[in-house]
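Here is the file coords_7.cif (mmCIF, C-alpha atoms).
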```cif
data_query
loop_
_atom_site.group_PDB
_atom_site.id
_atom_site.type_symbol
_atom_site.label_atom_id
_atom_site.label_comp_id
_atom_site.auth_asym_id
_atom_site.auth_seq_id
_atom_site.Cartn_x
_atom_site.Cartn_y
_atom_site.Cartn_z
ATOM 1 C CA MET O 1180 86.895 89.671 94.295
ATOM 2 C CA LEU O 1181 88.107 90.651 97.754
ATOM 3 C CA VAL O 1182 86.857 88.488 100.615
ATOM 4 C CA TYR O 1183 87.488 88.749 104.370
ATOM 5 C CA LYS O 1184 87.630 85.462 106.224
ATOM 6 C CA GLN O 1185 89.482 83.468 108.816
ATOM 7 C CA ALA O 1186 92.610 81.590 107.797
ATOM 8 C CA ASP O 1187 91.830 77.899 107.492
ATOM 9 C CA SER O 1188 94.613 76.321 105.447
ATOM 10 C CA ASP O 1189 98.371 75.880 105.512
ATOM 11 C CA ILE O 1190 98.508 77.579 102.105
ATOM 12 C CA GLU O 1191 96.941 80.734 103.559
ATOM 13 C CA LEU O 1192 99.304 80.635 106.538
ATOM 14 C CA ARG O 1193 102.293 80.363 104.187
ATOM 15 C CA GLN O 1194 100.941 83.297 102.155
ATOM 16 C CA ILE O 1195 100.720 85.328 105.385
ATOM 17 C CA LEU O 1196 104.384 84.555 106.074
ATOM 18 C CA ALA O 1197 105.381 85.505 102.515
ATOM 19 C CA LEU O 1198 103.642 88.885 102.873
ATOM 20 C CA GLN O 1199 105.239 89.295 106.301
ATOM 21 C CA ARG O 1200 108.762 88.722 104.958
ATOM 22 C CA ILE O 1201 108.358 91.462 102.345
ATOM 23 C CA ASN O 1202 107.448 93.996 105.055
ATOM 24 C CA LEU O 1203 110.182 93.328 107.621
ATOM 25 C CA PRO O 1204 112.753 96.110 108.198
ATOM 26 C CA LYS O 1205 115.561 93.939 106.787
ATOM 27 C CA ASN O 1206 113.751 94.016 103.420
ATOM 28 C CA LEU O 1207 112.780 97.709 103.397
ATOM 29 C CA THR O 1208 114.625 100.983 102.981
ATOM 30 C CA GLU O 1209 114.430 103.720 105.616
ATOM 31 C CA GLU O 1210 112.239 105.717 103.223
ATOM 32 C CA GLU O 1211 109.842 102.799 102.741
ATOM 33 C CA MET O 1212 109.595 102.217 106.493
ATOM 34 C CA SER O 1213 108.846 105.893 107.106
ATOM 35 C CA ALA O 1214 106.256 106.184 104.337
ATOM 36 C CA GLU O 1215 104.661 102.729 104.419
ATOM 37 C CA GLY O 1216 105.247 101.380 107.928
ATOM 38 C CA PHE O 1217 106.943 98.122 108.824
ATOM 39 C CA LEU O 1218 106.578 94.898 110.788
ATOM 40 C CA THR O 1219 108.542 94.023 113.915
ATOM 41 C CA VAL O 1220 108.080 90.273 114.394
ATOM 42 C CA GLU O 1221 108.977 87.437 112.047
ATOM 43 C CA HIS O 1222 106.947 84.319 112.882
ATOM 44 C CA SER O 1223 107.783 80.696 112.197
ATOM 45 C CA PHE O 1224 105.252 78.564 110.366
ATOM 46 C CA GLU O 1225 104.833 76.383 113.451
ATOM 47 C CA LEU O 1226 104.022 79.329 115.722
ATOM 48 C CA ILE O 1227 101.654 81.058 113.310
ATOM 49 C CA LYS O 1228 99.824 77.747 112.890
ATOM 50 C CA GLU O 1229 99.554 77.213 116.671
ATOM 51 C CA MET O 1230 98.257 80.769 117.063
ATOM 52 C CA ASN O 1231 95.685 80.141 114.320
ATOM 53 C CA GLU O 1232 94.518 76.955 116.034
ATOM 54 C CA ALA O 1233 93.922 78.902 119.272
ATOM 55 C CA CYS O 1234 92.082 81.765 117.540
ATOM 56 C CA LYS O 1235 91.836 82.084 113.760
ATOM 57 C CA HIS O 1236 93.711 84.883 111.984
ATOM 58 C CA THR O 1237 91.646 87.325 109.931
ATOM 59 C CA ILE O 1238 92.691 87.609 106.305
ATOM 60 C CA ALA O 1239 91.760 89.527 103.164
ATOM 61 C CA VAL O 1240 91.893 87.313 100.080
ATOM 62 C CA ASP O 1241 91.717 88.408 96.448
ATOM 63 C CA SER O 1242 91.554 85.761 93.714
ATOM 64 C CA GLY O 1243 92.865 83.086 96.090
ATOM 65 C CA LYS O 1244 95.809 85.159 97.334
ATOM 66 C CA VAL O 1245 96.201 86.617 100.851
ATOM 67 C CA VAL O 1246 96.610 90.385 100.382
ATOM 68 C CA GLY O 1247 96.196 91.418 104.007
ATOM 69 C CA TYR O 1248 96.061 89.908 107.449
ATOM 70 C CA ALA O 1249 95.488 90.618 111.143
ATOM 71 C CA LEU O 1250 97.043 87.963 113.350
ATOM 72 C CA SER O 1251 95.190 86.758 116.437
ATOM 73 C CA MET O 1252 97.367 86.021 119.441
ATOM 74 C CA HIS O 1253 95.815 84.464 122.517
ATOM 75 C CA PRO O 1254 97.466 85.566 125.804
ATOM 76 C CA LYS O 1255 98.662 81.990 126.323
ATOM 77 C CA PHE O 1256 101.424 82.809 123.801
ATOM 78 C CA ALA O 1257 102.883 85.533 126.052
ATOM 79 C CA GLU O 1258 106.203 83.742 126.427
ATOM 80 C CA GLU O 1259 106.638 82.651 122.805
ATOM 81 C CA ILE O 1260 108.113 85.808 121.207
ATOM 82 C CA ALA O 1261 110.886 87.604 123.083
ATOM 83 C CA VAL O 1262 110.159 91.086 121.714
ATOM 84 C CA LEU O 1263 106.512 90.796 122.865
ATOM 85 C CA LYS O 1264 107.209 89.735 126.466
ATOM 86 C CA PRO O 1265 107.439 93.374 127.691
ATOM 87 C CA MET O 1266 104.042 94.070 126.089
ATOM 88 C CA PHE O 1267 102.423 91.277 128.089
ATOM 89 C CA HIS O 1268 104.153 92.547 131.235
ATOM 90 C CA GLU O 1269 102.616 95.997 130.631
ATOM 91 C CA ILE O 1270 99.195 94.467 129.917
ATOM 92 C CA ASN O 1271 99.332 92.487 133.151
ATOM 93 C CA LYS O 1272 100.028 95.707 135.081
ATOM 94 C CA ILE O 1273 96.999 97.438 133.537
ATOM 95 C CA ILE O 1274 94.327 94.818 132.809
ATOM 96 C CA ILE O 1275 92.624 93.540 135.918
ATOM 97 C CA THR O 1276 89.745 91.612 134.362
ATOM 98 C CA GLY O 1277 91.719 88.526 133.338
ATOM 99 C CA ASN O 1278 91.935 87.086 129.860
ATOM 100 C CA ASP O 1279 88.959 88.836 128.266
ATOM 101 C CA TYR O 1280 91.215 90.280 125.583
ATOM 102 C CA LEU O 1281 92.930 89.087 122.461
ATOM 103 C CA ILE O 1282 96.162 90.441 121.054
ATOM 104 C CA MET O 1283 96.199 91.576 117.458
ATOM 105 C CA GLY O 1284 99.665 90.191 116.858
ATOM 106 C CA GLN O 1285 100.414 91.981 113.605
ATOM 107 C CA ILE O 1286 98.549 93.614 110.745
ATOM 108 C CA CYS O 1287 99.856 93.896 107.213
ATOM 109 C CA ILE O 1288 98.454 94.828 103.811
ATOM 110 C CA ALA O 1289 100.135 94.187 100.467
ATOM 111 C CA LYS O 1290 101.540 97.405 99.051
ATOM 112 C CA THR O 1291 99.247 97.435 96.002
ATOM 113 C CA TYR O 1292 96.179 97.154 98.272
ATOM 114 C CA ARG O 1293 97.046 99.963 100.708
ATOM 115 C CA GLY O 1294 94.736 102.940 100.892
ATOM 116 C CA LYS O 1295 91.742 100.864 99.765
ATOM 117 C CA GLY O 1296 90.086 100.250 103.131
ATOM 118 C CA LEU O 1297 91.616 96.854 103.934
ATOM 119 C CA PHE O 1298 93.010 97.983 107.284
ATOM 120 C CA ARG O 1299 89.534 99.008 108.430
ATOM 121 C CA GLY O 1300 87.991 95.915 106.813
ATOM 122 C CA LEU O 1301 90.367 93.528 108.575
ATOM 123 C CA TYR O 1302 89.616 95.045 111.977
ATOM 124 C CA LYS O 1303 85.869 95.191 111.308
ATOM 125 C CA ASN O 1304 85.853 91.487 110.490
ATOM 126 C CA MET O 1305 88.193 90.592 113.336
ATOM 127 C CA LYS O 1306 85.929 92.418 115.809
ATOM 128 C CA ALA O 1307 82.803 90.718 114.485
ATOM 129 C CA LEU O 1308 84.397 87.327 114.956
ATOM 130 C CA ILE O 1309 86.233 87.703 118.250
ATOM 131 C CA PHE O 1310 83.979 90.042 120.235
ATOM 132 C CA ARG O 1311 81.685 87.072 120.813
ATOM 133 C CA LYS O 1312 84.344 85.761 123.197
ATOM 134 C CA TYR O 1313 86.640 88.716 124.009
ATOM 135 C CA THR O 1314 85.800 92.302 124.987
ATOM 136 C CA LYS O 1315 89.020 93.970 123.850
ATOM 137 C CA ILE O 1316 91.620 93.831 121.108
ATOM 138 C CA ILE O 1317 95.023 94.983 122.332
ATOM 139 C CA THR O 1318 98.136 95.619 120.278
ATOM 140 C CA GLU O 1319 101.323 97.621 120.439
ATOM 141 C CA VAL O 1320 102.940 99.860 117.866
ATOM 142 C CA ASP O 1321 106.538 101.023 117.622
ATOM 143 C CA ALA O 1322 106.505 104.803 118.214
ATOM 144 C CA LYS O 1323 108.519 105.239 115.001
ATOM 145 C CA ASN O 1324 105.756 103.592 112.972
ATOM 146 C CA ILE O 1325 103.679 106.750 112.540
ATOM 147 C CA ARG O 1326 101.606 105.327 109.673
ATOM 148 C CA SER O 1327 100.450 102.437 111.856
ATOM 149 C CA LEU O 1328 99.782 104.658 114.888
ATOM 150 C CA ASN O 1329 97.644 107.024 112.813
ATOM 151 C CA ALA O 1330 95.736 104.172 111.161
ATOM 152 C CA HIS O 1331 94.944 102.564 114.531
ATOM 153 C CA GLN O 1332 93.789 105.863 116.035
ATOM 154 C CA ALA O 1333 91.563 106.510 113.007
ATOM 155 C CA ILE O 1334 89.536 103.342 113.658
ATOM 156 C CA GLY O 1335 89.126 103.907 117.392
ATOM 157 C CA PHE O 1336 92.145 102.475 119.190
ATOM 158 C CA LYS O 1337 92.990 104.323 122.417
ATOM 159 C CA LYS O 1338 96.326 104.541 124.198
ATOM 160 C CA LEU O 1339 96.614 102.358 127.281
ATOM 161 C CA GLU O 1340 100.278 102.929 128.000
ATOM 162 C CA GLN O 1341 103.484 104.238 126.528
ATOM 163 C CA TYR O 1342 106.630 102.442 127.593
ATOM 164 C CA GLN O 1343 110.188 101.599 126.628
ATOM 165 C CA ALA O 1344 111.607 98.132 126.081
ATOM 166 C CA ASP O 1345 114.633 96.881 124.190
ATOM 167 C CA ASP O 1346 115.727 100.439 123.368
ATOM 168 C CA LYS O 1347 112.417 101.178 121.636
ATOM 169 C CA GLU O 1348 109.417 103.255 122.566
ATOM 170 C CA TRP O 1349 106.080 101.452 122.313
ATOM 171 C CA TYR O 1350 102.419 102.470 122.377
ATOM 172 C CA LEU O 1351 100.133 99.882 123.936
ATOM 173 C CA ILE O 1352 96.675 100.503 122.472
ATOM 174 C CA VAL O 1353 93.191 99.014 122.842
ATOM 175 C CA LEU O 1354 89.997 98.767 120.806
#
```

What would you get if you wrote out this structure as C-alpha cells?
Amino acid sequence: MLVYKQADSDIELRQILALQRINLPKNLTEEEMSAEGFLTVEHSFELIKEMNEACKHTIAVDSGKVVGYALSMHPKFAEEIAVLKPMFHEINKIIITGNDYLIMGQICIAKTYRGKGLFRGLYKNMKALIFRKYTKIITEVDAKNIRSLNAHQAIGFKKLEQYQADDKEWYLIVL
C-alpha cells in the first residue's frame, strides 16, 4: 500500500539516495533523459540527513520501500551545493520577504511508479506539511528537462525567473 510521509529513518534516507543514483545523467541514456527526465544533484548521506533534520523530506513508500521523494532544503543550505548557489542568488534578487520559503531540492519517482499520480501526491503532502511554516515552495528546473517543467506547471508552479548559470538555462519556479 502506498503511503506518503516524512522521512524519519536512516534507512529511508539511504533509499532516497539509491533512487537518486539511478536517475542521474551518468546512469541514463540521452533517450531516457529526454523521455523520463533526470536529476542534476547528487547528495551525500551527511547532507541529505542534515537537510532532513532542518525540514523533513516528503516520501512515497510502498511496502517499506521509498518509491518517490521530494527533498526539503531550508535556505540555510544555500552554500552547500555548488550548482545551486546561482539559484539562491536569483532568489535573493527576487524575494523580498525573507525566509518564508522552502526549496524543493529535488523530486524523483521510481520508473515503475511514474504516471500514477505520485508527483502530484508528493507535492500535495509536502504543501500540507510545510505551508504551516512557509508560504512558498521554490525550485528550479533545467530548461532541457521538459518532462519536469511540464509536470511542475500542471500542478500550479509559476515562473519566477529564467536565467543562465554554468552553461545551462534554468527556470526558477514557485508554488

Kindly indicate which residue among O:Arg1200, O:Glu1229, O:Ser1223, O:Gln1185 lies nearest to Lys1306 in chain O, using only C-alpha atoms for the distances.
O:Gln1185

Considering all atoms listed in the file, state which residue in the set O:Gln1199, O:Gly1296, O:Lys1235, O:Thr1219 is at the smallest distance from Leu1181 in chain O.
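Ranked by minimum distance to Leu1181 in chain O, first place goes to O:Gly1296.
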
Could you state which residues are captured by the PyMOL selection byres ((chain O and resi 1182) around 6) in this file, as a list in words?
Leu1181, Tyr1183, Ala1239 and Val1240 of chain O

Measuring between only C-alpha atoms, which one of O:Ala1344, O:Leu1351, O:Ala1186, O:Ala1307 shows the shortest distance to Thr1237 in chain O?
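The answer is O:Ala1186, which sits nearest to Thr1237 in chain O.
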
May I ask which of the residues O:Lys1184, O:Arg1311, O:Lys1228, O:Lys1264 is the closest one to Leu1196 in chain O, counting all atoms listed in the file?
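Closest to Leu1196 in chain O of all the choices is O:Lys1228.
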
So, with all atoms listed in the file as the atoms that count, which of O:Ala1257, O:Ala1333, O:Val1262, O:Val1245 lies closest to Met1180 in chain O?
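Going through O:Ala1257, O:Ala1333, O:Val1262, O:Val1245 one by one, the smallest distance to Met1180 in chain O is for O:Val1245.
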
Might you spell out which residues the PyMOL selection byres ((chain O and resi 1340) around 9) would select in the displayed file, as an mmCIF file with C-alpha atoms, in the coordinates of the input?
```cif
data_model
loop_
_atom_site.group_PDB
_atom_site.id
_atom_site.type_symbol
_atom_site.label_atom_id
_atom_site.label_comp_id
_atom_site.auth_asym_id
_atom_site.auth_seq_id
_atom_site.Cartn_x
_atom_site.Cartn_y
_atom_site.Cartn_z
ATOM 1 C CA GLU O 1269 102.616 95.997 130.631
ATOM 2 C CA ILE O 1270 99.195 94.467 129.917
ATOM 3 C CA ILE O 1273 96.999 97.438 133.537
ATOM 4 C CA LYS O 1338 96.326 104.541 124.198
ATOM 5 C CA LEU O 1339 96.614 102.358 127.281
ATOM 6 C CA GLN O 1341 103.484 104.238 126.528
ATOM 7 C CA TYR O 1342 106.630 102.442 127.593
ATOM 8 C CA TRP O 1349 106.080 101.452 122.313
ATOM 9 C CA TYR O 1350 102.419 102.470 122.377
ATOM 10 C CA LEU O 1351 100.133 99.882 123.936
ATOM 11 C CA ILE O 1352 96.675 100.503 122.472
#
```

I'd like to know which of O:Met1283, O:Arg1326, O:Lys1337, O:Asn1304 is closest to Glu1211 in chain O, using only C-alpha atoms.
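Residue with the minimum atom-to-atom distance to Glu1211 in chain O: O:Arg1326.
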
In Å to one decimal, how far is CA of Lys1347 in chain O from CA of Asn1202 in chain O?
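Separation of CA of Asn1202 in chain O and CA of Lys1347 in chain O: 18.7 Å.
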
Step by step, work through what the PyMOL selection byres ((chain O and resi 1247) around 7) selects in the shown file, and finish by giving those residues as a compact mmCIF listing (two decimals) with C-alpha atoms, keeping the file's coordinate frame.
```txt
# COMPACT_ATOMS: atom_id res chain seq x y z
CA ILE O 1238 92.69 87.61 106.30
CA ALA O 1239 91.76 89.53 103.16
CA VAL O 1245 96.20 86.62 100.85
CA VAL O 1246 96.61 90.38 100.38
CA TYR O 1248 96.06 89.91 107.45
CA CYS O 1287 99.86 93.90 107.21
CA ILE O 1288 98.45 94.83 103.81
CA ALA O 1289 100.14 94.19 100.47
```

Considering all atoms listed in the file, return as a PyMOL selection string whatever protein or nucleic-acid residues lie within 10 Å of Glu1215 in chain O, sequence-local ones (same chain, fewer than 4 positions apart) excluded.
chain O and resi 1202+1207+1209-1211+1290+1293+1324-1327

What's around Ile1227 in chain O at 9 Å? Count all atoms listed in the file, leave out sequence neighbours fewer than 2 positions away in its own chain, and write the answer as a short mmCIF file (atom, residue, chain, number, x, y, z; two decimals) with C-alpha atoms, in the coordinates of the input.
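Written out: selection23.cif:
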```
data_model
loop_
_atom_site.label_atom_id
_atom_site.label_comp_id
_atom_site.auth_asym_id
_atom_site.auth_seq_id
_atom_site.Cartn_x
_atom_site.Cartn_y
_atom_site.Cartn_z
CA LEU O 1192 99.30 80.64 106.54
CA LEU O 1196 104.38 84.56 106.07
CA HIS O 1222 106.95 84.32 112.88
CA SER O 1223 107.78 80.70 112.20
CA PHE O 1224 105.25 78.56 110.37
CA GLU O 1225 104.83 76.38 113.45
CA GLU O 1229 99.55 77.21 116.67
CA MET O 1230 98.26 80.77 117.06
CA ASN O 1231 95.68 80.14 114.32
CA GLU O 1232 94.52 76.96 116.03
CA HIS O 1236 93.71 84.88 111.98
CA LEU O 1250 97.04 87.96 113.35
CA MET O 1252 97.37 86.02 119.44
#
```

Can you measure CA of Asp1189 in chain O to CA of Lys1244 in chain O for me? One decimal in Å is fine.
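Pair CA of Asp1189 in chain O / CA of Lys1244 in chain O returns 12.6 Å.
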
Between CA of Ile1316 in chain O and CA of Phe1336 in chain O - distance in Å to one decimal:
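Taking CA of Phe1336 in chain O as the start and CA of Ile1316 in chain O as the end point, the length is 8.9 Å.
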
Please tell me which residues are no farther than 12 Å from (101.8, 90.7, 129.4) in the file, counting all atoms listed in the file, and write them as a ChimeraX atom specification.
/O:1252-1275,1277-1278,1280-1282,1317-1319,1351

Selection export as an mmCIF file, in the frame of the given file, atoms kept: C-alpha atoms:
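Writing the result to out25.cif gives the following:
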```cif
data_model
loop_
_atom_site.group_PDB
_atom_site.id
_atom_site.type_symbol
_atom_site.label_atom_id
_atom_site.label_comp_id
_atom_site.auth_asym_id
_atom_site.auth_seq_id
_atom_site.Cartn_x
_atom_site.Cartn_y
_atom_site.Cartn_z
ATOM 1 C CA MET O 1252 97.367 86.021 119.441
ATOM 2 C CA HIS O 1253 95.815 84.464 122.517
ATOM 3 C CA PRO O 1254 97.466 85.566 125.804
ATOM 4 C CA LYS O 1255 98.662 81.990 126.323
ATOM 5 C CA PHE O 1256 101.424 82.809 123.801
ATOM 6 C CA ALA O 1257 102.883 85.533 126.052
ATOM 7 C CA GLU O 1258 106.203 83.742 126.427
ATOM 8 C CA GLU O 1259 106.638 82.651 122.805
ATOM 9 C CA ILE O 1260 108.113 85.808 121.207
ATOM 10 C CA ALA O 1261 110.886 87.604 123.083
ATOM 11 C CA VAL O 1262 110.159 91.086 121.714
ATOM 12 C CA LEU O 1263 106.512 90.796 122.865
ATOM 13 C CA LYS O 1264 107.209 89.735 126.466
ATOM 14 C CA PRO O 1265 107.439 93.374 127.691
ATOM 15 C CA MET O 1266 104.042 94.070 126.089
ATOM 16 C CA PHE O 1267 102.423 91.277 128.089
ATOM 17 C CA HIS O 1268 104.153 92.547 131.235
ATOM 18 C CA GLU O 1269 102.616 95.997 130.631
ATOM 19 C CA ILE O 1270 99.195 94.467 129.917
ATOM 20 C CA ASN O 1271 99.332 92.487 133.151
ATOM 21 C CA LYS O 1272 100.028 95.707 135.081
ATOM 22 C CA ILE O 1273 96.999 97.438 133.537
ATOM 23 C CA ILE O 1274 94.327 94.818 132.809
ATOM 24 C CA ILE O 1275 92.624 93.540 135.918
ATOM 25 C CA GLY O 1277 91.719 88.526 133.338
ATOM 26 C CA ASN O 1278 91.935 87.086 129.860
ATOM 27 C CA TYR O 1280 91.215 90.280 125.583
ATOM 28 C CA LEU O 1281 92.930 89.087 122.461
ATOM 29 C CA ILE O 1282 96.162 90.441 121.054
ATOM 30 C CA ILE O 1317 95.023 94.983 122.332
ATOM 31 C CA THR O 1318 98.136 95.619 120.278
ATOM 32 C CA GLU O 1319 101.323 97.621 120.439
ATOM 33 C CA LEU O 1351 100.133 99.882 123.936
#
```

To box range 1334-1338 of chain O, take all atoms listed in the file, fit an axis-aligned box, add 3 Å on each side, and give centre and edge lengths in Å to one decimal, as JSON.
```
{"center_x": 92.7, "center_y": 103.5, "center_z": 118.9, "size_x": 13.2, "size_y": 8.1, "size_z": 16.5}
```
